[in-house]
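K.L.:
Take a look at the following structure, please.
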Number of protein chains: 2
Amino acid sequence: MRVNGKHFRTLWLAADGRSINIIDQTRLPAEFWVVRLEHLAEVVAAIRAMQVRGAPLIGVTAAYGICLALADDPSDKALRTAYDQLLATRPTAVNLRWALDRMATAISATAVDDRVGTAYALAAKLAEDDVATCEQIGVHGERMLRTLWDQKGTRQPLQLLTHCNAGWLATIDWGTALAAVYRAHDGGLPIHVWVDETRPRNQGYLTSWELAQHGVPHTVIVDNAGGLLMRQGKVDLCVVGTDRTARNGDVANKIGTYLKALAAHDNSVPFYAAVPSMSIDWDLANGDDIPIEERDPGEVHSLPGIAAHNPGFDVTPARLVTGLITERGVCAASEPGLLELFPEQGAG
Amino acid sequence: MRVNGKHFRTLWLAADGRSINIIDQTRLPAEFWVVRLEHLAEVVAAIRAMQVRGAPLIGVTAAYGICLALADDPSDKALRTAYDQLLATRPTAVNLRWALDRMATAISATAVDDRVGTAYALAAKLAEDDVATCEQIGVHGERMLRTLWDQKGTRQPLQLLTHCNAGWLATIDWGTALAAVYRAHDGGLPIHVWVDETRPRNQGYLTSWELAQHGVPHTVIVDNAGGLLMRQGKVDLCVVGTDRTARNGDVANKIGTYLKALAAHDNSVPFYAAVPSMSIDWDLANGDDIPIEERDPGEVHSLPGIAAHNPGFDVTPARLVTGLITERGVCAASEPGLLELFPEQGAG
């Protein structure tokens with residue numbers, strides 16, 4: 001997507017053909033800063049510190065972490081160490097495990113001398129697949145936005161509320177929830193986005209920065225404000241991303257998402273989650289067993305002597321979710337809904 | 001209440017017998033700073049800047065604002081000017097109008113030469129009444145906490161969640177929601193408080209500071225976290241204050257309160273509001289017409305070029321409120337419930 005009019009992705013191979021460049025998201029929106037990662041340890045640190053974040057981007061970054069580890073040492077032991085270290089960085093997003101499993105399976109089946117090439121080729125494919133997936137989510141999401149716009153039947157902008165950042169910064173390109181917004185905006189649909197600031201990490205300012213770069217009208221609000229806005233009729237729909245969605249449509253996403261889903265339900269505001277299929281954990285019957293990452297209380301405040309608790313995610317029950325926007329279309333947030341689009345995941 | 005072991009109120013007459021001293025709440029918890037207000041303009045500025053805040057405290061402070069105005073000029077014109085300026089400071093809390101009306105009625109009926117004395121006497125009475133009211137809310141609230149504790153039937157602490165600051169800093173002394181907590185804690189009931197930080201003004205740190213001074217165990221969380229905690233069974237009840245409660249039990253309180261009430265309802269967690277009767281607007285049939293203060297977007301962020309919207313309050317519908325804790329007892333959040341305790345407000 002565009003940064004000062006120039007096209008960027010969130011991660012790309014450096015000129016040496018081996019290292020990767022990332023955008024340091026902890027420095028945004030104050031400054032746009034590209035960081036080069038050359039070894040596994042740097043990738044692990046970058047994911048932990050949230051220099052890269054967003055479930056899809058974490059998955060691809062971890063795949064390149066495997067590449068960098070193998071470039072230093074292509075042994076089974078090094079592969080296993082890299083897998084374990086990367087998997088331990090962020091427990092909630094399932095894309096991480098999904099990407100690591102894809103990498104480990106392919107590499108284990110490859111002769112040691114060929115592993116580095118195999119790894120880089122597969123990591124590049126995962127990145128391209130992510131771009132294609134997000135673009136398709138944008139296509140289906142845009143159609144859904146246009147339907148809501150037609151139902152609204154005014155010339156007033158469609159009012160969307162989003163939480164955290166489910167834009168291109170959370171993926172390789174396009175974004176998930178915001179892919180639909182970008183396409184709709186480019187297609188001439190008047191749209192305004194209420195952006196939750198998303199404490200404690202303030203990813204709302206990543207969303208605001210993206211939207212500003214793309215020219216999409218938007219307004220930042222504190223996380224407390226969305227309920228009032230929905231009661232006042234100032235929100236036409238909510239769209240969020242996901243870090244892991246269970247088989248029944250329960251959606252784990254950034255802490256606070258559940259509260260917005262409750263308010264949407266209470267005010268008959270449609271609530272959608274944009275869900276790339278690699279964010280679906282088909283092995284989980286529902287969201288109860290999704291691990292919730294507990295992060296450093298120092299992210300909440302730095303006052304001495306005051307205890308803080310800092311869970312990073314919550315689970316929104318499927319009953320509060322109007323629909324899931326996947327790369328294959330929009331479906332009900334339920335097992336039958338998902339299986340209609342992904343029949344290959346059926347039990348039979 | 002206690003500050004470093006010494007007893008304080010939030011507002012008291014200065015040694016000159018005319019000016020008032022307040023605790024500058026914008027400097028807490030970093031520093032405890034007492035400010036002396038000598039003229040009406042200073043009182044208006046202090047309320048606007050939230051050096052004093054909390055519906056009950058705003059009411060009494062405004063009453064002393066009238067006193068200071070009359071000490072400079074006891075004319076009808078000066079009274080009217082002071083009334084208008086003070087009323088315009090904060091639109092949502094009804095205590096402000098209630099206190100100003102009490103003052104204006106008494107002063108208008110008093111000869112000009114006697115007005116200053118009448119004003120100071122009545123302002124002092126309003127302060128004492130507020131202390132007595134809060135103490136009674138504490139008595140009834142403590143009883144309610146003990147009942148829930150008995151129902152819980154374990155030796156684990158009673159887990160309470162609160163939003164914003166409804167402690168002694170929001171009143172002259174004791175607090176409303178926290179009055180019950182202080183009494184219960186002093187009476188040996190094990191209690192732990194989850195404190196919402198309460199963006200954008202972070203009044204949660206006022207609550208944390210108060211609780212720490214009193215020795216009550218507590219943990220600060222971001223406003224996004226309460227829903228997850230309730231789903232995890234880590235909250236036994238929510239208690240908040242109110243800036244204005246309508247005749248039907250709809251509760252206006254700090255922005256974000258409604259989201260917590262939704263989560264409480266979704267998880268069968270009791271949700272109480274502590275409501276001094278001077279916070280009840282008997283003229284409003286429901287909360288729909290409660291004016292919502294819009295505050296400076298600069299409270300949300302100070303980044304250049306990014307729009308922000310900053311509503312200060314929301315309204316929690318009575319259907320989500322388990323009960324109202326008043327100075328006369330706990331009642332259902334409904335007109336019949338309130339009229340049982342306040343029959344003098346009945347239509348007949």
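Residues are referred to by chain and number: the chain letter is A, B, ... according to the order shown in the structure tokens, the number counts from 1 in that chain, and ligands are numbered separately from 1 in the order shown.
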Could you build a table of the residues in chain B lying no more than 7 Å from chain A, giving for each the nearest pair of atoms and their separation in Å rounded to one decimal place, using only C-alpha atoms, ordered by chain and ascending residue number, as JSON lines?
P.N.:
```
{"residue": "B:Arg199", "atom": "CA", "partner": "A:Val222", "partner_atom": "CA", "distance": 6.4}
{"residue": "B:Pro200", "atom": "CA", "partner": "A:Val222", "partner_atom": "CA", "distance": 6.5}
{"residue": "B:Thr219", "atom": "CA", "partner": "A:Ala307", "partner_atom": "CA", "distance": 4.9}
{"residue": "B:Val220", "atom": "CA", "partner": "A:Ala308", "partner_atom": "CA", "distance": 4.6}
{"residue": "B:Ile221", "atom": "CA", "partner": "A:His309", "partner_atom": "CA", "distance": 5.6}
{"residue": "B:Val222", "atom": "CA", "partner": "A:Arg199", "partner_atom": "CA", "distance": 6.4}
{"residue": "B:Asp223", "atom": "CA", "partner": "A:Asn224", "partner_atom": "CA", "distance": 6.8}
{"residue": "B:Asn224", "atom": "CA", "partner": "A:Gly256", "partner_atom": "CA", "distance": 3.9}
{"residue": "B:Ala225", "atom": "CA", "partner": "A:Ile255", "partner_atom": "CA", "distance": 6.0}
{"residue": "B:Gly227", "atom": "CA", "partner": "A:Leu259", "partner_atom": "CA", "distance": 6.1}
{"residue": "B:Leu228", "atom": "CA", "partner": "A:Asp314", "partner_atom": "CA", "distance": 5.5}
{"residue": "B:Ile255", "atom": "CA", "partner": "A:Asn224", "partner_atom": "CA", "distance": 5.6}
{"residue": "B:Gly256", "atom": "CA", "partner": "A:Asn224", "partner_atom": "CA", "distance": 3.9}
{"residue": "B:Tyr258", "atom": "CA", "partner": "A:Gly227", "partner_atom": "CA", "distance": 6.6}
{"residue": "B:Leu259", "atom": "CA", "partner": "A:Leu259", "partner_atom": "CA", "distance": 5.8}
{"residue": "B:Leu262", "atom": "CA", "partner": "A:Leu262", "partner_atom": "CA", "distance": 6.4}
{"residue": "B:Ala263", "atom": "CA", "partner": "A:Leu259", "partner_atom": "CA", "distance": 6.7}
{"residue": "B:Val300", "atom": "CA", "partner": "A:Val222", "partner_atom": "CA", "distance": 6.7}
{"residue": "B:Ala307", "atom": "CA", "partner": "A:Thr219", "partner_atom": "CA", "distance": 4.9}
{"residue": "B:Ala308", "atom": "CA", "partner": "A:Val220", "partner_atom": "CA", "distance": 4.6}
{"residue": "B:His309", "atom": "CA", "partner": "A:Ile221", "partner_atom": "CA", "distance": 5.6}
{"residue": "B:Asn310", "atom": "CA", "partner": "A:Ile221", "partner_atom": "CA", "distance": 6.6}
{"residue": "B:Pro311", "atom": "CA", "partner": "A:Ala225", "partner_atom": "CA", "distance": 6.9}
{"residue": "B:Asp314", "atom": "CA", "partner": "A:Leu228", "partner_atom": "CA", "distance": 5.5}
```
K.L.:
Write the selection just made, keeping C-alpha atoms, as a PDB file, in the first residue's frame?
P.N.:
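Result saved to again.pdb:
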```
ATOM      1  CA  ARG B 199      -9.454   6.942  29.119  1.00  0.00           C
ATOM      2  CA  PRO B 200      -9.089   9.648  28.082  1.00  0.00           C
ATOM      3  CA  THR B 219      -5.209  -3.843  40.005  1.00  0.00           C
ATOM      4  CA  VAL B 220      -5.393  -1.352  37.147  1.00  0.00           C
ATOM      5  CA  ILE B 221      -6.596  -2.614  33.762  1.00  0.00           C
ATOM      6  CA  VAL B 222      -7.206  -0.933  30.420  1.00  0.00           C
ATOM      7  CA  ASP B 223     -10.839  -0.172  29.659  1.00  0.00           C
ATOM      8  CA  ASN B 224     -10.800  -2.931  27.031  1.00  0.00           C
ATOM      9  CA  ALA B 225     -10.079  -5.707  29.539  1.00  0.00           C
ATOM     10  CA  GLY B 227     -15.252  -7.947  29.281  1.00  0.00           C
ATOM     11  CA  LEU B 228     -12.645 -10.708  29.179  1.00  0.00           C
ATOM     12  CA  ILE B 255     -17.979   7.208  28.893  1.00  0.00           C
ATOM     13  CA  GLY B 256     -17.477   3.430  28.705  1.00  0.00           C
ATOM     14  CA  TYR B 258     -22.412   1.220  29.191  1.00  0.00           C
ATOM     15  CA  LEU B 259     -19.911  -1.259  27.696  1.00  0.00           C
ATOM     16  CA  LEU B 262     -23.392  -4.918  28.701  1.00  0.00           C
ATOM     17  CA  ALA B 263     -20.596  -7.303  29.617  1.00  0.00           C
ATOM     18  CA  VAL B 300      -7.680  11.950  23.294  1.00  0.00           C
ATOM     19  CA  ALA B 307      -9.276  14.132  13.999  1.00  0.00           C
ATOM     20  CA  ALA B 308     -10.622  12.930  17.350  1.00  0.00           C
ATOM     21  CA  HIS B 309     -14.054  12.898  18.968  1.00  0.00           C
ATOM     22  CA  ASN B 310     -14.365  13.024  22.747  1.00  0.00           C
ATOM     23  CA  PRO B 311     -17.787  12.491  24.324  1.00  0.00           C
ATOM     24  CA  ASP B 314     -22.743   7.558  28.098  1.00  0.00           C
TER      25      ASP B 314
END
```
K.L.:
Might you pull out every residue within 12 Å of A:Ile280, with only C-alpha atoms counted and same-chain residues fewer than 5 positions away left off, and present them as an NGL selection string?
P.N.:
:A and (55-56 or 92-98 or 241-252 or 273-275 or 285-287 or 290 or 324-327 or 333-335 or 338-339 or 342 or 345)
K.L.:
Hey, which of A:Trp174, A:Leu86, A:Val269, A:Asn165 ends up closest to A:Thr322? Count only C-alpha atoms.
P.N.:
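Answer, going by the shortest atom-to-atom distance: A:Val269.
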K.L.:
Can you list, as a list in words, every protein, DNA or RNA residue that comes within 9 Å of stretch 132-136 of chain B when you count only C-alpha atoms, leaving out same-chain residues fewer than 6 positions away?
P.N.:
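The neighbour list is Trp168, Thr171, Ile172, Asp173, Trp174, Gly175, Thr176, Ala177, Ala179, Ala180, Pro276, Ser277, Thr326, Glu327, Arg328 and Gly329 of chain B.
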K.L.:
Convert the current residue selection to file output with N, CA, C and O atoms, as a tab-separated table (two decimals), in the first residue's frame.
P.N.:
```tsv
chain	number	residue	atom	x	y	z
B	168	TRP	N	-13.77	9.06	47.22
B	168	TRP	CA	-13.93	10.30	47.99
B	168	TRP	C	-13.48	11.51	47.20
B	168	TRP	O	-13.97	12.62	47.41
B	171	THR	N	-16.33	13.28	45.69
B	171	THR	CA	-17.33	13.81	46.63
B	171	THR	C	-16.58	14.70	47.64
B	171	THR	O	-15.41	15.02	47.43
B	172	ILE	N	-17.23	15.08	48.72
B	172	ILE	CA	-16.51	15.81	49.77
B	172	ILE	C	-15.71	14.84	50.62
B	172	ILE	O	-14.57	15.10	51.02
B	173	ASP	N	-16.31	13.69	50.89
B	173	ASP	CA	-15.62	12.66	51.67
B	173	ASP	C	-16.32	11.32	51.41
B	173	ASP	O	-17.41	11.29	50.85
B	174	TRP	N	-15.69	10.22	51.72
B	174	TRP	CA	-16.24	8.87	51.61
B	174	TRP	C	-16.31	8.34	50.18
B	174	TRP	O	-15.92	7.21	49.93
B	175	GLY	N	-16.88	9.14	49.26
B	175	GLY	CA	-17.15	8.60	47.93
B	175	GLY	C	-18.53	7.98	47.86
B	175	GLY	O	-19.26	7.94	48.85
B	176	THR	N	-18.88	7.48	46.67
B	176	THR	CA	-20.17	6.81	46.52
B	176	THR	C	-19.92	5.31	46.37
B	176	THR	O	-20.00	4.57	47.35
B	177	ALA	N	-19.56	4.86	45.18
B	177	ALA	CA	-19.28	3.43	44.99
B	177	ALA	C	-18.20	2.95	45.96
B	177	ALA	O	-18.29	1.88	46.56
B	179	ALA	N	-17.33	4.20	48.83
B	179	ALA	CA	-17.68	4.26	50.26
B	179	ALA	C	-17.97	2.86	50.77
B	179	ALA	O	-17.55	2.47	51.87
B	180	ALA	N	-18.69	2.09	49.95
B	180	ALA	CA	-19.01	0.71	50.34
B	180	ALA	C	-17.75	-0.14	50.44
B	180	ALA	O	-17.61	-0.97	51.34
B	276	PRO	N	-26.37	9.05	44.84
B	276	PRO	CA	-26.91	10.00	45.82
B	276	PRO	C	-28.18	10.63	45.23
B	276	PRO	O	-28.22	10.86	44.02
B	277	SER	N	-29.18	10.90	46.05
B	277	SER	CA	-30.45	11.37	45.46
B	277	SER	C	-30.30	12.69	44.73
B	277	SER	O	-31.06	12.98	43.82
B	326	THR	N	-28.65	4.00	47.03
B	326	THR	CA	-28.90	5.39	47.43
B	326	THR	C	-28.63	5.54	48.93
B	326	THR	O	-28.39	4.55	49.63
B	327	GLU	N	-28.75	6.78	49.42
B	327	GLU	CA	-28.54	7.01	50.85
B	327	GLU	C	-29.69	6.45	51.68
B	327	GLU	O	-29.59	6.33	52.90
B	328	ARG	N	-30.80	6.07	51.02
B	328	ARG	CA	-31.91	5.49	51.77
B	328	ARG	C	-32.01	3.98	51.61
B	328	ARG	O	-32.96	3.36	52.10
B	329	GLY	N	-31.09	3.41	50.86
B	329	GLY	CA	-31.12	1.96	50.68
B	329	GLY	C	-30.89	1.59	49.23
B	329	GLY	O	-30.67	2.46	48.39
```
K.L.:
Using only C-alpha atoms, which protein or nucleic acid residues come within 9 Å of stretch 69-71 of chain B? Drop anything in the same chain fewer than 3 positions from it, and give the result as a count of residues only.
P.N.:
16
